[in-house]
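K.L.:
Here you go, work.cif (mmCIF, C-alpha atoms and all ligand atoms):
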data_entry
loop_
_atom_site.label_atom_id
_atom_site.label_comp_id
_atom_site.auth_asym_id
_atom_site.auth_seq_id
_atom_site.Cartn_x
_atom_site.Cartn_y
_atom_site.Cartn_z
CA MET F 1 0.00 0.00 0.00
CA LEU F 2 1.32 3.42 -0.99
CA THR F 3 -0.32 6.40 0.75
CA LEU F 4 0.06 9.97 -0.49
CA VAL F 5 -0.22 12.72 2.12
CA THR F 6 -0.46 16.42 1.26
CA GLY F 7 0.01 19.39 3.57
CA THR F 8 2.79 17.68 5.49
CA THR F 9 4.69 20.87 6.29
CA GLY F 10 1.67 22.28 8.16
CA GLN F 11 0.64 21.95 11.79
CA VAL F 12 -1.51 18.85 11.30
CA GLY F 13 0.47 17.14 8.53
CA ARG F 14 3.89 17.35 10.15
CA ARG F 15 2.54 15.57 13.23
CA PHE F 16 0.41 13.10 11.28
CA VAL F 17 3.14 11.74 8.97
CA PRO F 18 5.44 10.35 11.71
CA ARG F 19 2.42 8.62 13.26
CA LEU F 20 1.42 7.17 9.89
CA LEU F 21 4.97 5.97 9.25
CA ALA F 22 5.10 4.42 12.71
CA GLN F 23 2.08 2.26 11.80
CA THR F 24 3.23 1.09 8.38
CA ARG F 25 3.67 -2.64 7.91
CA PRO F 26 6.37 -4.20 5.74
CA GLY F 27 5.70 -3.26 2.12
CA GLU F 28 3.64 -0.19 2.99
CA ARG F 29 5.01 3.13 1.84
CA VAL F 30 4.23 6.80 2.35
CA ARG F 31 4.66 9.59 -0.18
CA VAL F 32 4.44 13.26 0.76
CA LEU F 33 3.72 16.21 -1.51
CA LEU F 34 5.35 19.46 -0.48
CA ARG F 35 6.30 22.75 -2.08
CA ASP F 36 9.52 23.72 -0.35
CA ALA F 37 12.49 21.50 -1.32
CA SER F 38 14.43 22.68 1.74
CA ARG F 39 11.86 20.93 3.96
CA ALA F 40 12.05 17.58 2.15
CA ASP F 41 14.96 16.04 4.08
CA ARG F 42 13.01 15.61 7.30
CA PHE F 43 10.44 13.46 5.52
CA ALA F 44 13.00 11.52 3.50
CA ASP F 45 14.88 10.83 6.77
CA LEU F 46 11.66 9.46 8.27
CA GLY F 47 11.36 7.08 5.32
CA ALA F 48 8.84 8.88 3.11
CA GLU F 49 9.07 9.40 -0.63
CA VAL F 50 8.91 13.06 -1.59
CA VAL F 51 7.18 14.70 -4.55
CA LEU F 52 7.83 18.42 -4.90
CA GLY F 53 5.26 20.83 -6.24
CA ASP F 54 2.15 22.90 -5.81
CA LEU F 55 -1.28 21.29 -5.48
CA ARG F 56 -2.66 23.75 -8.02
CA ASP F 57 -0.43 22.26 -10.75
CA ASP F 58 -2.13 19.38 -12.63
CA ASP F 59 1.21 17.87 -13.70
CA VAL F 60 2.26 17.73 -10.06
CA LEU F 61 -1.01 16.00 -9.14
CA GLY F 62 -0.41 13.39 -11.83
CA LYS F 63 3.07 12.61 -10.46
CA ALA F 64 1.84 12.62 -6.88
CA VAL F 65 -0.95 10.05 -7.42
CA ALA F 66 0.93 7.69 -9.77
CA GLY F 67 0.96 4.19 -8.26
CA VAL F 68 -0.83 5.33 -5.12
CA ASP F 69 -3.45 3.27 -3.24
CA ALA F 70 -4.73 5.93 -0.85
CA VAL F 71 -4.64 9.71 -0.47
CA VAL F 72 -4.87 11.78 2.71
CA ASN F 73 -5.48 15.37 1.65
CA VAL F 74 -4.40 17.48 4.60
CA ALA F 75 -3.31 20.58 2.66
CA ALA F 76 -5.31 23.79 2.87
CA ALA F 77 -4.75 27.52 2.56
CA PHE F 78 -6.47 29.48 5.32
CA ARG F 79 -3.92 31.20 7.49
CA GLY F 80 -3.98 34.80 6.25
CA VAL F 81 -4.31 34.01 2.53
CA PRO F 82 -6.53 35.92 0.06
CA ASP F 83 -9.96 34.41 -0.55
CA GLU F 84 -8.98 33.52 -4.12
CA GLU F 85 -6.11 31.36 -2.89
CA ALA F 86 -8.34 29.69 -0.29
CA LYS F 87 -10.80 28.73 -3.04
CA ALA F 88 -8.05 27.64 -5.44
CA VAL F 89 -6.37 25.34 -2.90
CA ASN F 90 -9.17 24.19 -0.61
CA ARG F 91 -11.82 23.63 -3.28
CA ASP F 92 -10.34 23.53 -6.78
CA ALA F 93 -7.07 21.74 -6.01
CA ALA F 94 -8.74 19.30 -3.60
CA VAL F 95 -11.30 18.36 -6.25
CA ALA F 96 -8.59 18.16 -8.95
CA LEU F 97 -6.64 15.85 -6.64
CA GLY F 98 -9.76 13.70 -6.21
CA ARG F 99 -10.22 13.51 -9.98
CA ALA F 100 -6.53 12.75 -10.58
CA ALA F 101 -6.70 10.04 -7.93
CA ARG F 102 -9.78 8.48 -9.50
CA ALA F 103 -8.20 8.60 -12.97
CA ALA F 104 -5.10 6.85 -11.58
CA GLY F 105 -7.23 4.09 -10.05
CA VAL F 106 -6.84 5.24 -6.45
CA ARG F 107 -9.85 4.18 -4.39
CA ARG F 108 -9.42 5.43 -0.85
CA PHE F 109 -9.39 9.19 -0.37
CA VAL F 110 -9.38 10.82 3.06
CA GLN F 111 -10.31 14.49 2.90
CA VAL F 112 -9.40 16.58 5.93
CA SER F 113 -12.17 19.09 6.51
CA THR F 114 -13.38 21.38 9.28
CA GLY F 115 -16.30 21.63 11.67
CA LEU F 116 -16.68 25.20 10.40
CA VAL F 117 -18.63 23.78 7.45
CA TYR F 118 -21.60 23.34 9.80
CA GLY F 119 -21.94 27.09 10.32
CA THR F 120 -24.43 28.10 12.99
CA GLY F 121 -25.24 25.93 16.00
CA ARG F 122 -28.33 23.71 16.11
CA GLY F 123 -29.01 23.78 19.88
CA ARG F 124 -27.33 20.34 20.26
CA PRO F 125 -24.08 18.73 19.14
CA LEU F 126 -23.64 18.83 15.38
CA VAL F 127 -24.06 15.49 13.62
CA GLU F 128 -22.68 14.43 10.26
CA GLU F 129 -26.17 14.45 8.70
CA ASP F 130 -26.65 18.16 9.44
CA GLU F 131 -26.61 20.30 6.33
CA SER F 132 -23.61 22.59 5.80
CA ARG F 133 -24.29 26.27 6.35
CA PRO F 134 -20.79 27.74 6.19
CA GLY F 135 -20.56 31.48 6.61
CA GLY F 136 -19.64 34.28 8.93
CA ALA F 137 -17.11 37.05 8.59
CA MET F 138 -14.42 35.62 10.87
CA TRP F 139 -13.05 32.99 8.52
CA GLY F 140 -13.67 34.56 5.11
CA ALA F 141 -13.82 32.11 2.21
CA TYR F 142 -12.32 29.22 4.17
CA PRO F 143 -15.45 27.39 5.45
CA GLU F 144 -17.28 27.73 2.13
CA SER F 145 -14.24 26.52 0.18
CA LYS F 146 -13.97 23.45 2.41
CA ALA F 147 -17.73 22.80 2.18
CA ALA F 148 -17.57 23.11 -1.62
CA ALA F 149 -14.67 20.62 -1.72
CA GLU F 150 -16.73 18.18 0.35
CA ARG F 151 -19.72 18.54 -1.99
CA GLU F 152 -17.67 18.04 -5.16
CA LEU F 153 -15.64 15.16 -3.73
CA LEU F 154 -18.86 13.48 -2.56
CA ALA F 155 -19.96 13.51 -6.22
CA LEU F 156 -16.86 11.38 -6.99
CA ASP F 157 -17.67 8.90 -4.22
CA GLY F 158 -19.19 5.53 -5.12
CA PRO F 159 -18.52 1.91 -6.08
CA ASN F 160 -16.86 2.92 -9.36
CA GLY F 161 -15.27 6.08 -8.02
CA LEU F 162 -13.53 7.08 -4.84
CA ASP F 163 -13.97 5.42 -1.48
CA LEU F 164 -14.22 8.83 0.18
CA ARG F 165 -13.81 9.46 3.88
CA ILE F 166 -14.16 13.01 5.21
CA GLY F 167 -12.80 13.90 8.67
CA ARG F 168 -14.18 17.15 10.10
CA LEU F 169 -11.72 18.58 12.60
CA PRO F 170 -12.32 20.91 15.53
CA PHE F 171 -9.77 23.47 16.80
CA VAL F 172 -6.51 21.49 16.78
CA TYR F 173 -3.82 22.00 19.43
CA GLY F 174 -0.90 20.38 21.24
CA GLU F 175 2.74 19.41 20.89
CA GLY F 176 4.03 22.96 20.61
CA ASP F 177 1.44 24.15 18.07
CA PRO F 178 0.95 27.89 18.82
CA HIS F 179 -2.77 27.54 18.04
CA LEU F 180 -3.78 27.35 21.72
CA ALA F 181 -2.21 30.77 22.37
CA ASP F 182 -3.81 32.07 19.15
CA SER F 183 -7.22 31.13 20.52
CA LEU F 184 -7.17 34.27 22.69
CA ARG F 185 -7.38 36.39 19.54
CA TRP F 186 -11.02 35.30 19.45
CA ALA F 187 -11.75 34.15 23.00
CA ALA F 188 -10.71 37.55 24.41
CA HIS F 189 -13.89 38.92 22.81
CA TRP F 190 -16.22 36.11 23.87
CA ALA F 191 -18.68 35.65 26.69
CA PRO F 192 -17.13 33.66 29.56
CA THR F 193 -19.31 30.64 28.74
CA GLN F 194 -18.68 30.57 24.97
CA ARG F 195 -17.11 27.26 24.08
CA LEU F 196 -14.51 25.95 21.67
CA HIS F 197 -14.46 22.31 20.62
CA MET F 198 -10.93 21.02 20.42
CA GLY F 199 -8.87 18.03 19.41
CA HIS F 200 -5.27 17.21 20.29
CA HIS F 201 -2.89 16.40 17.42
CA ALA F 202 -2.57 12.84 18.75
CA ASP F 203 -6.34 12.41 18.47
CA VAL F 204 -6.64 14.10 15.09
CA ALA F 205 -3.99 11.66 13.83
CA GLN F 206 -5.83 8.78 15.51
CA GLY F 207 -9.09 9.76 13.83
CA LEU F 208 -7.50 10.17 10.40
CA LEU F 209 -5.70 6.83 10.71
CA ARG F 210 -8.99 5.14 11.60
CA LEU F 211 -10.59 6.71 8.53
CA LEU F 212 -7.65 5.65 6.38
CA TYR F 213 -7.52 2.04 7.52
CA ALA F 214 -11.19 1.14 8.18
CA PRO F 215 -12.19 -1.55 5.67
CA ALA F 216 -15.60 0.14 5.31
CA VAL F 217 -17.37 3.19 6.70
CA ASN F 218 -21.02 3.88 7.42
CA GLY F 219 -21.24 7.04 5.29
CA PRO F 220 -18.26 9.16 4.30
CA ILE F 221 -18.38 11.99 6.89
CA HIS F 222 -17.01 11.69 10.43
CA ASN F 223 -16.49 14.33 13.12
CA ILE F 224 -13.19 14.05 15.00
CA ALA F 225 -12.95 15.90 18.34
CA ASP F 226 -12.38 15.47 22.06
CA ASP F 227 -15.05 14.98 24.72
CA THR F 228 -14.89 18.33 26.48
CA PRO F 229 -15.30 21.66 24.68
CA VAL F 230 -13.65 24.38 26.77
CA THR F 231 -14.95 27.83 27.66
CA ALA F 232 -13.40 31.22 27.00
CA VAL F 233 -12.52 31.28 30.70
CA ASP F 234 -10.65 27.96 30.35
CA LEU F 235 -8.76 29.31 27.34
CA HIS F 236 -7.58 32.31 29.37
CA GLN F 237 -6.56 30.09 32.28
CA LEU F 238 -4.73 27.64 30.01
CA ASN F 239 -2.80 30.55 28.53
CA GLY F 240 -2.12 32.18 31.89
CA ALA F 241 -4.03 35.30 30.80
CA GLU F 242 -6.18 37.64 32.91
CA LEU F 243 -9.88 37.63 32.09
CA PRO F 244 -10.99 40.82 30.29
CA VAL F 245 -12.63 43.10 32.88
CA ASP F 246 -15.95 43.33 31.02
CA MET F 247 -16.09 39.63 30.10
CA HIS F 248 -18.77 38.80 32.66
CA THR F 249 -21.16 41.30 31.02
CA ARG F 250 -21.16 39.49 27.66
CA THR F 251 -23.62 36.82 26.53
CA ASP F 252 -23.04 33.91 24.18
CA PRO F 253 -25.11 34.40 20.99
CA ASP F 254 -24.92 30.72 19.90
CA PRO F 255 -24.00 28.27 22.70
CA TRP F 256 -23.84 25.26 20.34
CA LEU F 257 -21.66 26.90 17.66
CA GLY F 258 -18.98 24.45 16.54
CA ILE F 259 -19.83 21.79 19.13
CA MET F 260 -19.67 18.43 17.34
CA SER F 261 -20.98 15.01 18.25
CA THR F 262 -18.35 12.27 18.13
CA GLN F 263 -20.82 9.43 18.60
CA LYS F 264 -20.42 8.18 15.05
CA ILE F 265 -16.63 7.80 15.00
CA ARG F 266 -16.72 6.35 18.52
CA ARG F 267 -19.40 3.79 17.67
CA ASP F 268 -18.35 2.81 14.17
CA LEU F 269 -14.57 3.18 14.24
CA GLY F 270 -13.70 2.75 17.93
CA PHE F 271 -12.30 6.27 18.34
CA ARG F 272 -11.54 7.18 21.97
CA PRO F 273 -9.65 10.42 22.55
CA ILE F 274 -6.23 9.90 24.09
CA TYR F 275 -6.72 13.41 25.51
CA PRO F 276 -10.46 13.71 26.31
CA SER F 277 -9.92 17.33 27.34
CA VAL F 278 -7.26 19.97 26.92
CA TRP F 279 -6.77 19.81 30.69
CA THR F 280 -5.79 16.14 30.42
CA ALA F 281 -3.28 17.08 27.75
CA ARG F 282 -1.98 19.92 29.94
CA ASP F 283 -1.51 17.53 32.87
CA ALA F 284 0.28 15.04 30.60
CA GLY F 285 2.70 17.72 29.39
CA ALA F 286 1.34 17.38 25.87
CA LEU F 287 0.54 21.02 25.10
N1 LIG Y 1 -5.48 23.48 12.64
C1 LIG Y 1 -6.78 23.45 12.91
O1 LIG Y 1 -7.21 23.83 14.02
C2 LIG Y 1 -7.76 22.89 11.92
C3 LIG Y 1 -9.12 22.88 12.27
C4 LIG Y 1 -10.04 22.33 11.39
C5 LIG Y 1 -9.60 21.82 10.19
N2 LIG Y 1 -8.28 21.86 9.86
C6 LIG Y 1 -7.87 21.31 8.57
O2 LIG Y 1 -6.69 20.55 8.78
C7 LIG Y 1 -5.85 20.64 7.64
C8 LIG Y 1 -4.46 21.06 8.05
O3 LIG Y 1 -4.51 22.30 8.73
P1 LIG Y 1 -3.18 22.91 9.36
O4 LIG Y 1 -3.60 23.57 10.63
O5 LIG Y 1 -2.12 21.90 9.40
O6 LIG Y 1 -2.83 24.04 8.28
P2 LIG Y 1 -1.42 24.72 7.98
O7 LIG Y 1 -0.54 24.63 9.18
O8 LIG Y 1 -1.73 26.09 7.44
O9 LIG Y 1 -0.78 23.82 6.83
C9 LIG Y 1 -1.30 23.84 5.54
C10 LIG Y 1 -0.50 22.89 4.69
O10 LIG Y 1 -1.04 22.93 3.36
C11 LIG Y 1 0.03 23.17 2.46
N3 LIG Y 1 -0.40 23.90 1.29
C12 LIG Y 1 -1.10 25.06 1.26
N4 LIG Y 1 -1.25 25.47 -0.02
C13 LIG Y 1 -0.65 24.53 -0.80
C14 LIG Y 1 -0.46 24.40 -2.19
N5 LIG Y 1 -0.94 25.31 -3.04
N6 LIG Y 1 0.21 23.33 -2.66
C15 LIG Y 1 0.72 22.41 -1.79
N7 LIG Y 1 0.57 22.48 -0.47
C16 LIG Y 1 -0.10 23.54 0.02
C17 LIG Y 1 1.03 23.98 3.26
O11 LIG Y 1 2.29 23.96 2.63
P3 LIG Y 1 3.40 25.12 2.83
O12 LIG Y 1 4.11 24.78 4.10
O13 LIG Y 1 4.24 25.01 1.62
O14 LIG Y 1 2.63 26.42 2.93
C18 LIG Y 1 0.98 23.24 4.59
O15 LIG Y 1 1.73 22.06 4.51
C19 LIG Y 1 -6.55 21.59 6.68
O16 LIG Y 1 -7.21 20.84 5.69
C20 LIG Y 1 -7.53 22.35 7.53
O17 LIG Y 1 -8.67 22.75 6.78
C21 LIG Y 1 -7.35 22.38 10.69
#
In structure tokens, write the structure found in this file.
Ligand SMILES: NC(=O)c1ccc[n+]([C@@H]2O[C@H](COP(=O)([O-])OP(=O)(O)OC[C@H]3O[C@@H](n4cnc5c(N)ncnc54)[C@H](OP(=O)(O)O)[C@@H]3O)[C@@H](O)[C@H]2O)c1
P.N.:
Amino acid sequence: MLTLVTGTTGQVGRRFVPRLLAQTRPGERVRVLLRDASRADRFADLGAEVVLGDLRDDDVLGKAVAGVDAVVNVAAAFRGVPDEEAKAVNRDAAVALGRAARAAGVRRFVQVSTGLVYGTGRGRPLVEEDESRPGGAMWGAYPESKAAAERELLALDGPNGLDLRIGRLPFVYGEGDPHLADSLRWAAHWAPTQRLHMGHHADVAQGLLRLLYAPAVNGPIHNIADDTPVTAVDLHQLNGAELPVDMHTRTDPDPWLGIMSTQKIRRDLGFRPIYPSVWTARDAGAL
């Protein structure tokens, strides 16, 4: 089995690839696609094959999927990029990768997505069957571009197409990722009770590996997250920050925003978070 992984220089991918390589059996191989040749050595040293190039280049996609059995598409553009780039990478290149994979005879395709595709809360944990309503000013084109990729990749799913598995991630943290500190950029403006659903890198990798290796899935979409969304107060405490003086006067406009059910991946694929809450990860020294 040869597995192609994209986005391996990013926060999720760079922590996922060593875990994937650690699970490979004799004869299984991993190929990574990355843009920056100076960052290739680390992956080659770990035992991965390296293809250099940009996801938006069809020739690169052809080389990347040649001989591959499975794809894990981690790559995305959303950290401070123009909306056009977000659409080009997250939607167009993801769908082009799906088409290239199908044309090359690849069956299994794991698409890394985001819980932001759900949009507004539903007054209960979000389940995979809920319709996508991406939107909101905070994230620009990112949620819609990821939702569009899901829709178009789902059209390629089927017995004669891709065996698609979509993992929707929460706010990912841990292992030195500065994301937890970044959370205060938003949480500093929230009501004290407003919550953020999170997932540690170890658990995101666990969820993606379960999606990659499961012989069959009960529907393509799976939420991946921990058991304990944290409040804006927790986020300040975790970061050692004072609470804003007026925080107690604010109210939470949508208490179920971004809160995902993990019942499906628990029941069907045996997922159990290694770090059920960010506090467990803190106590384990895994932040
Ligand atoms: N982190 C989170 O909290 C979170 C939450 C929900 C969902 N997700 C999803 O998880 C995935 C990974 O997120 P992340 O936090 O690891 O993002 P990240 O740190 O920004 O990494 C993005 C990766 O995508 C690559 N990439 C971007 N544009 C590319 C292009 N045109 N061609 C080839 N590679 C390209 C980047 O390569 P360069 O290094 O060359 O730029 C990098 O490896 C994404 O699909 C994202 O939607 C993340």
K.L.:
Of the candidates F:Gly207, F:Pro273, F:Pro244, F:Gly98, which shows the shortest atom-to-atom distance to F:Ala187, using all atoms listed in the file?
P.N.:
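That would be F:Pro244, the residue with the smallest distance to F:Ala187.
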K.L.:
Just give me the gap between atom CA of F:Arg35 and atom CA of F:Gly10 in Å, one decimal is fine.
P.N.:
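Pair atom CA of F:Arg35 / atom CA of F:Gly10 returns 11.2 Å.
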K.L.:
List all protein, DNA and RNA residues that have an atom no more than 6 Å from any atom of ligand LIG 1 (chain Y), counting all atoms listed in the file, and report them as a list in words.
P.N.:
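So, counting all atoms listed in the file, the residues near ligand LIG 1 (chain Y) are Gly7, Thr8, Thr9, Gly10, Gln11, Val12, Gly13, Leu34, Arg35, Asp36, Asp54, Leu55, Arg56, Val74, Ala75, Ala76, Ala77, Arg79, Val89, Val112, Ser113, Thr114, Leu169, Pro170, Phe171 and Val172 of chain F.
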K.L.:
Determine the nearest neighbour of F:Gly47 from the options F:Val17, F:Val71, F:Leu61, F:Ala188, counting only C-alpha atoms.
P.N.:
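Going through F:Val17, F:Val71, F:Leu61, F:Ala188 one by one, the smallest distance to F:Gly47 is for F:Val17.
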K.L.:
Compile the contact shell of F:Arg91 as a ChimeraX atom specification: residues with an atom at most 8 Å away, counting only C-alpha atoms, same-chain residues fewer than 4 positions apart removed.
P.N.:
/F:86-87,95,145-146,148-149
K.L.:
May I have the selected residues written with C-alpha atoms, as a PDB file, keeping the file's coordinate frame?
P.N.:
ATOM      1  CA  ALA F  86      -8.340  29.690  -0.290  1.00  0.00           C
ATOM      2  CA  LYS F  87     -10.800  28.730  -3.040  1.00  0.00           C
ATOM      3  CA  VAL F  95     -11.300  18.360  -6.250  1.00  0.00           C
ATOM      4  CA  SER F 145     -14.240  26.520   0.180  1.00  0.00           C
ATOM      5  CA  LYS F 146     -13.970  23.450   2.410  1.00  0.00           C
ATOM      6  CA  ALA F 148     -17.570  23.110  -1.620  1.00  0.00           C
ATOM      7  CA  ALA F 149     -14.670  20.620  -1.720  1.00  0.00           C
TER       8      ALA F 149
END
K.L.:
Write out, as CSV, each residue of stretch 57-109 of chain F that has an atom at most 12 Å from stretch 216-225 of chain F, together with the closest pair of atoms and their distance in Å to one decimal, counting all atoms listed in the file, rows going by chain and rising number.
P.N.:
residue,atom,partner,partner_atom,distance
F:Arg107,CA,F:Ala216,CA,12.0
F:Arg108,CA,F:Ala216,CA,10.2
F:Phe109,CA,F:Pro220,CA,10.0
K.L.:
Store the residues picked out above, limited to C-alpha atoms, as a PDB file, in the coordinates of the input.
P.N.:
ATOM      1  CA  ARG F 107      -9.850   4.180  -4.390  1.00  0.00           C
ATOM      2  CA  ARG F 108      -9.420   5.430  -0.850  1.00  0.00           C
ATOM      3  CA  PHE F 109      -9.390   9.190  -0.370  1.00  0.00           C
TER       4      PHE F 109
END
K.L.:
So what do you get for atom CA of F:Pro143 versus atom CA of F:Gly158, distance-wise?
P.N.:
24.6 Å
K.L.:
What's around F:Glu144 at 8 Å? Count only C-alpha atoms, leave out sequence neighbours fewer than 4 positions away in its own chain, and write the answer as JSON, numbers by chain.
P.N.:
{"F": [117, 134, 135, 148]}
K.L.:
Give me the residues near F:Thr262 as a PyMOL selection string, where near means some atom within 9 Å (using all atoms listed in the file) and where sequence neighbours in that chain fewer than 2 positions away do not count.
P.N.:
chain F and resi 125-127+222-227+260+264-267+271
K.L.:
Considering all atoms listed in the file, state which residue in the set F:Leu116, F:Ala104, F:Leu4, F:Ala205 is at the smallest distance from F:Ala64.
P.N.:
F:Leu4
K.L.:
Quick one: 5 Å padding each side, axis-aligned, all listed atoms of stretch 9-27 of chain F - centre and edge lengths in Å to one decimal, as AutoDock Vina command-line options?
P.N.:
--center_x 2.4 --center_y 9.0 --center_z 7.7 --size_x 17.9 --size_y 36.5 --size_z 21.1
K.L.:
Taking only C-alpha atoms into account, which of F:Leu164, F:Ala93, F:Val30, F:Ala37 comes nearest F:Asp57?
P.N.:
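Comparing F:Leu164, F:Ala93, F:Val30, F:Ala37 against F:Asp57, the winner is F:Ala93.
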K.L.:
Within 12 Å of F:His189, counting all atoms listed in the file, which residues qualify if same-chain residues fewer than 5 places away don't, as an MDAnalysis selection string?
P.N.:
chainID F and resid 183:184 194 232:233 235:236 243:252
K.L.:
For stretch 86-99 of chain F, supply N, CA and C atoms and format the output as a compact mmCIF listing (two decimals), in the coordinates of the input.
P.N.:
# COMPACT_ATOMS: atom_id res chain seq x y z
N ALA F 86 -7.61 30.69 -1.09
CA ALA F 86 -8.34 29.69 -0.29
C ALA F 86 -9.22 28.84 -1.21
N LYS F 87 -9.92 29.49 -2.13
CA LYS F 87 -10.80 28.73 -3.04
C LYS F 87 -9.97 27.84 -3.97
N ALA F 88 -8.86 28.39 -4.47
CA ALA F 88 -8.05 27.64 -5.44
C ALA F 88 -7.43 26.38 -4.81
N VAL F 89 -7.03 26.49 -3.55
CA VAL F 89 -6.37 25.34 -2.90
C VAL F 89 -7.41 24.42 -2.26
N ASN F 90 -8.29 25.02 -1.45
CA ASN F 90 -9.17 24.19 -0.61
C ASN F 90 -10.28 23.51 -1.42
N ARG F 91 -10.75 24.20 -2.45
CA ARG F 91 -11.82 23.63 -3.28
C ARG F 91 -11.25 23.06 -4.57
N ASP F 92 -10.71 23.95 -5.43
CA ASP F 92 -10.34 23.53 -6.78
C ASP F 92 -9.24 22.47 -6.78
N ALA F 93 -8.18 22.71 -6.00
CA ALA F 93 -7.07 21.74 -6.01
C ALA F 93 -7.47 20.44 -5.32
N ALA F 94 -8.29 20.53 -4.27
CA ALA F 94 -8.74 19.30 -3.60
C ALA F 94 -9.57 18.44 -4.56
N VAL F 95 -10.45 19.10 -5.31
CA VAL F 95 -11.30 18.36 -6.25
C VAL F 95 -10.44 17.82 -7.41
N ALA F 96 -9.50 18.63 -7.88
CA ALA F 96 -8.59 18.16 -8.95
C ALA F 96 -7.79 16.95 -8.46
N LEU F 97 -7.37 16.99 -7.20
CA LEU F 97 -6.64 15.85 -6.64
C LEU F 97 -7.54 14.61 -6.60
N GLY F 98 -8.80 14.82 -6.22
CA GLY F 98 -9.76 13.70 -6.21
C GLY F 98 -9.93 13.12 -7.60
N ARG F 99 -10.04 13.99 -8.60
CA ARG F 99 -10.22 13.51 -9.98
C ARG F 99 -8.95 12.80 -10.46
